[in-house]
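Presented below is the structure to which this report refers.
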Amino acid sequence: MLLRFVLWNLADSKTTIEELRRYLRDESVDSFADVRGLRFKAWISHEVTERWGAVYLWESQEAADQEVPSRARELIGKDPDIIEVFDVEATIEGRYAEEELSRLGLAFE
């Protein structure tokens, strides 16, 4: 398994965190629902520092290498400032309420 981390600084970009949240609600989350080999994706932000990114958990290198249904680069107007790929050494699924993990977060509040 592989973990990919991508991060943009939006200070000099074409968009805002609020516009990207709308993109998540209206398009992006649904477009990733059936991506082969994607075990988990979390979109992340930090409004104070104007950063936006994502964390992907992939089943294999082959899955991680496929083209994904994202328009983030287009909306932001540049490639991510950081792209890091890590081997996953171990995982655990924590104990939590019966609520599903899908469609949680600020974009859905």
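Each chain in the structure tokens gets a letter, A, B and so on, in the order shown; residues start at 1 in every chain, and ligands are counted from 1 in the order they appear.
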Using the chain letters and numbers from this document, which residues of chain A does DSSP assign to helix (DSSP H, G or I), as a PDB file with N, CA, C and O atoms, in the first residue's frame?
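Printed below is selection_30.pdb as written:
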ATOM      1  N   LEU A  10      -2.424  28.306  -1.523  1.00  0.00           N
ATOM      2  CA  LEU A  10      -3.405  29.010  -2.343  1.00  0.00           C
ATOM      3  C   LEU A  10      -3.201  30.517  -2.397  1.00  0.00           C
ATOM      4  O   LEU A  10      -3.930  31.214  -3.109  1.00  0.00           O
ATOM      5  N   ALA A  11      -2.221  31.046  -1.671  1.00  0.00           N
ATOM      6  CA  ALA A  11      -2.041  32.498  -1.603  1.00  0.00           C
ATOM      7  C   ALA A  11      -1.868  33.130  -2.979  1.00  0.00           C
ATOM      8  O   ALA A  11      -2.339  34.235  -3.215  1.00  0.00           O
ATOM      9  N   ASP A  12      -1.230  32.422  -3.894  1.00  0.00           N
ATOM     10  CA  ASP A  12      -1.010  32.969  -5.236  1.00  0.00           C
ATOM     11  C   ASP A  12      -1.764  32.161  -6.297  1.00  0.00           C
ATOM     12  O   ASP A  12      -1.322  32.043  -7.433  1.00  0.00           O
ATOM     13  N   ILE A  17     -10.341  28.527  -0.551  1.00  0.00           N
ATOM     14  CA  ILE A  17     -10.770  27.307   0.134  1.00  0.00           C
ATOM     15  C   ILE A  17     -12.276  27.142   0.027  1.00  0.00           C
ATOM     16  O   ILE A  17     -12.772  26.038  -0.225  1.00  0.00           O
ATOM     17  N   GLU A  18     -13.037  28.213   0.178  1.00  0.00           N
ATOM     18  CA  GLU A  18     -14.502  28.112   0.086  1.00  0.00           C
ATOM     19  C   GLU A  18     -14.939  27.635  -1.302  1.00  0.00           C
ATOM     20  O   GLU A  18     -15.843  26.812  -1.428  1.00  0.00           O
ATOM     21  N   GLU A  19     -14.313  28.135  -2.351  1.00  0.00           N
ATOM     22  CA  GLU A  19     -14.637  27.666  -3.711  1.00  0.00           C
ATOM     23  C   GLU A  19     -14.279  26.197  -3.873  1.00  0.00           C
ATOM     24  O   GLU A  19     -15.021  25.436  -4.511  1.00  0.00           O
ATOM     25  N   LEU A  20     -13.167  25.769  -3.288  1.00  0.00           N
ATOM     26  CA  LEU A  20     -12.785  24.358  -3.371  1.00  0.00           C
ATOM     27  C   LEU A  20     -13.731  23.471  -2.561  1.00  0.00           C
ATOM     28  O   LEU A  20     -14.007  22.339  -2.959  1.00  0.00           O
ATOM     29  N   ARG A  21     -14.267  23.971  -1.471  1.00  0.00           N
ATOM     30  CA  ARG A  21     -15.278  23.204  -0.713  1.00  0.00           C
ATOM     31  C   ARG A  21     -16.526  22.977  -1.563  1.00  0.00           C
ATOM     32  O   ARG A  21     -17.102  21.887  -1.545  1.00  0.00           O
ATOM     33  N   ARG A  22     -16.941  23.986  -2.302  1.00  0.00           N
ATOM     34  CA  ARG A  22     -18.093  23.817  -3.198  1.00  0.00           C
ATOM     35  C   ARG A  22     -17.788  22.750  -4.255  1.00  0.00           C
ATOM     36  O   ARG A  22     -18.644  21.926  -4.584  1.00  0.00           O
ATOM     37  N   TYR A  23     -16.584  22.778  -4.789  1.00  0.00           N
ATOM     38  CA  TYR A  23     -16.148  21.776  -5.764  1.00  0.00           C
ATOM     39  C   TYR A  23     -16.225  20.371  -5.159  1.00  0.00           C
ATOM     40  O   TYR A  23     -16.670  19.426  -5.817  1.00  0.00           O
ATOM     41  N   LEU A  24     -15.838  20.222  -3.892  1.00  0.00           N
ATOM     42  CA  LEU A  24     -15.943  18.912  -3.234  1.00  0.00           C
ATOM     43  C   LEU A  24     -17.396  18.460  -3.174  1.00  0.00           C
ATOM     44  O   LEU A  24     -17.721  17.330  -3.551  1.00  0.00           O
ATOM     45  N   ARG A  25     -18.256  19.328  -2.655  1.00  0.00           N
ATOM     46  CA  ARG A  25     -19.677  18.982  -2.501  1.00  0.00           C
ATOM     47  C   ARG A  25     -20.342  18.662  -3.829  1.00  0.00           C
ATOM     48  O   ARG A  25     -21.115  17.707  -3.940  1.00  0.00           O
ATOM     49  N   ASP A  26     -20.063  19.474  -4.839  1.00  0.00           N
ATOM     50  CA  ASP A  26     -20.781  19.376  -6.104  1.00  0.00           C
ATOM     51  C   ASP A  26     -20.215  18.350  -7.070  1.00  0.00           C
ATOM     52  O   ASP A  26     -20.920  17.893  -7.969  1.00  0.00           O
ATOM     53  N   GLU A  27     -18.953  17.973  -6.921  1.00  0.00           N
ATOM     54  CA  GLU A  27     -18.320  17.177  -7.966  1.00  0.00           C
ATOM     55  C   GLU A  27     -17.273  16.179  -7.476  1.00  0.00           C
ATOM     56  O   GLU A  27     -17.376  14.992  -7.742  1.00  0.00           O
ATOM     57  N   SER A  28     -16.268  16.646  -6.785  1.00  0.00           N
ATOM     58  CA  SER A  28     -15.075  15.834  -6.570  1.00  0.00           C
ATOM     59  C   SER A  28     -15.299  14.589  -5.713  1.00  0.00           C
ATOM     60  O   SER A  28     -14.829  13.514  -6.060  1.00  0.00           O
ATOM     61  N   VAL A  29     -15.997  14.734  -4.596  1.00  0.00           N
ATOM     62  CA  VAL A  29     -16.191  13.576  -3.717  1.00  0.00           C
ATOM     63  C   VAL A  29     -16.874  12.440  -4.472  1.00  0.00           C
ATOM     64  O   VAL A  29     -16.417  11.299  -4.448  1.00  0.00           O
ATOM     65  N   ASP A  30     -17.947  12.749  -5.176  1.00  0.00           N
ATOM     66  CA  ASP A  30     -18.650  11.710  -5.938  1.00  0.00           C
ATOM     67  C   ASP A  30     -17.780  11.103  -7.030  1.00  0.00           C
ATOM     68  O   ASP A  30     -17.844   9.906  -7.294  1.00  0.00           O
ATOM     69  N   SER A  31     -16.936  11.910  -7.664  1.00  0.00           N
ATOM     70  CA  SER A  31     -16.116  11.392  -8.762  1.00  0.00           C
ATOM     71  C   SER A  31     -15.055  10.413  -8.273  1.00  0.00           C
ATOM     72  O   SER A  31     -14.586   9.573  -9.043  1.00  0.00           O
ATOM     73  N   PHE A  32     -14.678  10.470  -7.005  1.00  0.00           N
ATOM     74  CA  PHE A  32     -13.674   9.542  -6.470  1.00  0.00           C
ATOM     75  C   PHE A  32     -14.287   8.274  -5.874  1.00  0.00           C
ATOM     76  O   PHE A  32     -13.567   7.350  -5.514  1.00  0.00           O
ATOM     77  N   GLN A  61       1.035   0.406  -6.296  1.00  0.00           N
ATOM     78  CA  GLN A  61       1.672   1.415  -7.135  1.00  0.00           C
ATOM     79  C   GLN A  61       0.890   1.589  -8.432  1.00  0.00           C
ATOM     80  O   GLN A  61       0.697   2.703  -8.913  1.00  0.00           O
ATOM     81  N   GLU A  62       0.429   0.473  -8.996  1.00  0.00           N
ATOM     82  CA  GLU A  62      -0.360   0.535 -10.233  1.00  0.00           C
ATOM     83  C   GLU A  62      -1.607   1.412 -10.044  1.00  0.00           C
ATOM     84  O   GLU A  62      -1.914   2.260 -10.883  1.00  0.00           O
ATOM     85  N   ALA A  63      -2.303   1.225  -8.944  1.00  0.00           N
ATOM     86  CA  ALA A  63      -3.492   2.036  -8.674  1.00  0.00           C
ATOM     87  C   ALA A  63      -3.114   3.504  -8.493  1.00  0.00           C
ATOM     88  O   ALA A  63      -3.795   4.392  -9.001  1.00  0.00           O
ATOM     89  N   ALA A  64      -2.033   3.763  -7.791  1.00  0.00           N
ATOM     90  CA  ALA A  64      -1.602   5.139  -7.532  1.00  0.00           C
ATOM     91  C   ALA A  64      -1.168   5.862  -8.797  1.00  0.00           C
ATOM     92  O   ALA A  64      -1.233   7.085  -8.869  1.00  0.00           O
ATOM     93  N   ASP A  65      -0.728   5.102  -9.807  1.00  0.00           N
ATOM     94  CA  ASP A  65      -0.237   5.695 -11.048  1.00  0.00           C
ATOM     95  C   ASP A  65      -1.341   6.067 -12.030  1.00  0.00           C
ATOM     96  O   ASP A  65      -1.085   6.765 -13.004  1.00  0.00           O
ATOM     97  N   ALA A  72      -8.634  19.765  -9.537  1.00  0.00           N
ATOM     98  CA  ALA A  72      -8.008  20.661  -8.555  1.00  0.00           C
ATOM     99  C   ALA A  72      -6.912  21.504  -9.190  1.00  0.00           C
ATOM    100  O   ALA A  72      -6.865  22.717  -8.981  1.00  0.00           O
ATOM    101  N   ARG A  73      -6.025  20.880  -9.965  1.00  0.00           N
ATOM    102  CA  ARG A  73      -4.945  21.656 -10.599  1.00  0.00           C
ATOM    103  C   ARG A  73      -5.517  22.764 -11.491  1.00  0.00           C
ATOM    104  O   ARG A  73      -5.026  23.885 -11.493  1.00  0.00           O
ATOM    105  N   GLU A  74      -6.549  22.433 -12.227  1.00  0.00           N
ATOM    106  CA  GLU A  74      -7.190  23.420 -13.110  1.00  0.00           C
ATOM    107  C   GLU A  74      -7.792  24.574 -12.304  1.00  0.00           C
ATOM    108  O   GLU A  74      -7.603  25.745 -12.634  1.00  0.00           O
ATOM    109  N   LEU A  75      -8.515  24.249 -11.238  1.00  0.00           N
ATOM    110  CA  LEU A  75      -9.165  25.273 -10.429  1.00  0.00           C
ATOM    111  C   LEU A  75      -8.148  26.143  -9.679  1.00  0.00           C
ATOM    112  O   LEU A  75      -8.339  27.349  -9.546  1.00  0.00           O
ATOM    113  N   ILE A  76      -7.085  25.519  -9.201  1.00  0.00           N
ATOM    114  CA  ILE A  76      -6.067  26.238  -8.438  1.00  0.00           C
ATOM    115  C   ILE A  76      -5.119  26.988  -9.371  1.00  0.00           C
ATOM    116  O   ILE A  76      -4.613  28.052  -9.032  1.00  0.00           O
ATOM    117  N   LEU A 106     -15.839  19.702   6.794  1.00  0.00           N
ATOM    118  CA  LEU A 106     -16.335  21.064   6.620  1.00  0.00           C
ATOM    119  C   LEU A 106     -17.116  21.268   5.325  1.00  0.00           C
ATOM    120  O   LEU A 106     -18.077  22.042   5.291  1.00  0.00           O
ATOM    121  N   ALA A 107     -16.747  20.599   4.256  1.00  0.00           N
ATOM    122  CA  ALA A 107     -17.442  20.766   2.989  1.00  0.00           C
ATOM    123  C   ALA A 107     -18.900  20.319   3.055  1.00  0.00           C
ATOM    124  O   ALA A 107     -19.728  20.760   2.281  1.00  0.00           O
ATOM    125  N   PHE A 108     -19.218  19.448   4.013  1.00  0.00           N
ATOM    126  CA  PHE A 108     -20.578  18.910   4.127  1.00  0.00           C
ATOM    127  C   PHE A 108     -21.344  19.464   5.312  1.00  0.00           C
ATOM    128  O   PHE A 108     -22.428  18.982   5.621  1.00  0.00           O
TER     129      PHE A 108
END
### Task
Rank A:Lys41, A:Asp34, A:Tyr56, A:Leu7 by their smallest atom-to-atom distance to Phe86 of chain A, using only C-alpha atoms, and report the top residue only.
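Residue with the minimum atom-to-atom distance to Phe86 of chain A: A:Tyr56.
Shell of Ser13 of chain A at 8 Å, with only C-alpha atoms counted and residues fewer than 4 places along the chain excluded, is Asn9, Ile76, Gly77 and Lys78 of chain A.
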Kindly save the residues from that selection, with all heavy atoms included, as a PDB file, in the first residue's frame.
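So the final result, stored in part-v1.pdb, reads:
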ATOM      1  N   ASN A   9      -0.231  25.802  -1.751  1.00  0.00           N
ATOM      2  CA  ASN A   9      -0.364  27.093  -1.101  1.00  0.00           C
ATOM      3  C   ASN A   9      -1.271  27.910  -2.013  1.00  0.00           C
ATOM      4  O   ASN A   9      -0.926  28.153  -3.170  1.00  0.00           O
ATOM      5  CB  ASN A   9       1.001  27.760  -0.938  1.00  0.00           C
ATOM      6  CG  ASN A   9       0.895  29.096  -0.256  1.00  0.00           C
ATOM      7  OD1 ASN A   9      -0.153  29.747  -0.254  1.00  0.00           O
ATOM      8  ND2 ASN A   9       1.985  29.521   0.348  1.00  0.00           N
ATOM      9  N   ILE A  76      -7.085  25.519  -9.201  1.00  0.00           N
ATOM     10  CA  ILE A  76      -6.067  26.238  -8.438  1.00  0.00           C
ATOM     11  C   ILE A  76      -5.119  26.988  -9.371  1.00  0.00           C
ATOM     12  O   ILE A  76      -4.613  28.052  -9.032  1.00  0.00           O
ATOM     13  CB  ILE A  76      -5.313  25.270  -7.505  1.00  0.00           C
ATOM     14  CG1 ILE A  76      -6.302  24.723  -6.456  1.00  0.00           C
ATOM     15  CG2 ILE A  76      -4.116  25.935  -6.852  1.00  0.00           C
ATOM     16  CD1 ILE A  76      -5.787  23.558  -5.645  1.00  0.00           C
ATOM     17  N   GLY A  77      -4.895  26.450 -10.550  1.00  0.00           N
ATOM     18  CA  GLY A  77      -4.073  27.129 -11.542  1.00  0.00           C
ATOM     19  C   GLY A  77      -2.606  26.787 -11.512  1.00  0.00           C
ATOM     20  O   GLY A  77      -1.798  27.468 -12.144  1.00  0.00           O
ATOM     21  N   LYS A  78      -2.262  25.723 -10.788  1.00  0.00           N
ATOM     22  CA  LYS A  78      -0.859  25.304 -10.739  1.00  0.00           C
ATOM     23  C   LYS A  78      -0.777  23.893 -10.174  1.00  0.00           C
ATOM     24  O   LYS A  78      -1.740  23.376  -9.605  1.00  0.00           O
ATOM     25  CB  LYS A  78      -0.030  26.257  -9.881  1.00  0.00           C
ATOM     26  CG  LYS A  78      -0.442  26.300  -8.420  1.00  0.00           C
ATOM     27  CD  LYS A  78       0.428  27.249  -7.621  1.00  0.00           C
ATOM     28  CE  LYS A  78       0.080  27.188  -6.139  1.00  0.00           C
ATOM     29  NZ  LYS A  78       1.011  27.947  -5.322  1.00  0.00           N
TER      30      LYS A  78
END
### Query
Which of these, A:Ile83, A:Ala42, A:Val35, A:Leu3, has the shortest distance to Ser102 of chain A once you count only C-alpha atoms?
A:Ala42
### Query
When distances are computed from only C-alpha atoms, which of A:Phe40, A:His46, A:Thr16, A:Val55 shows the smallest separation from Ile82 of chain A?
A:Val55
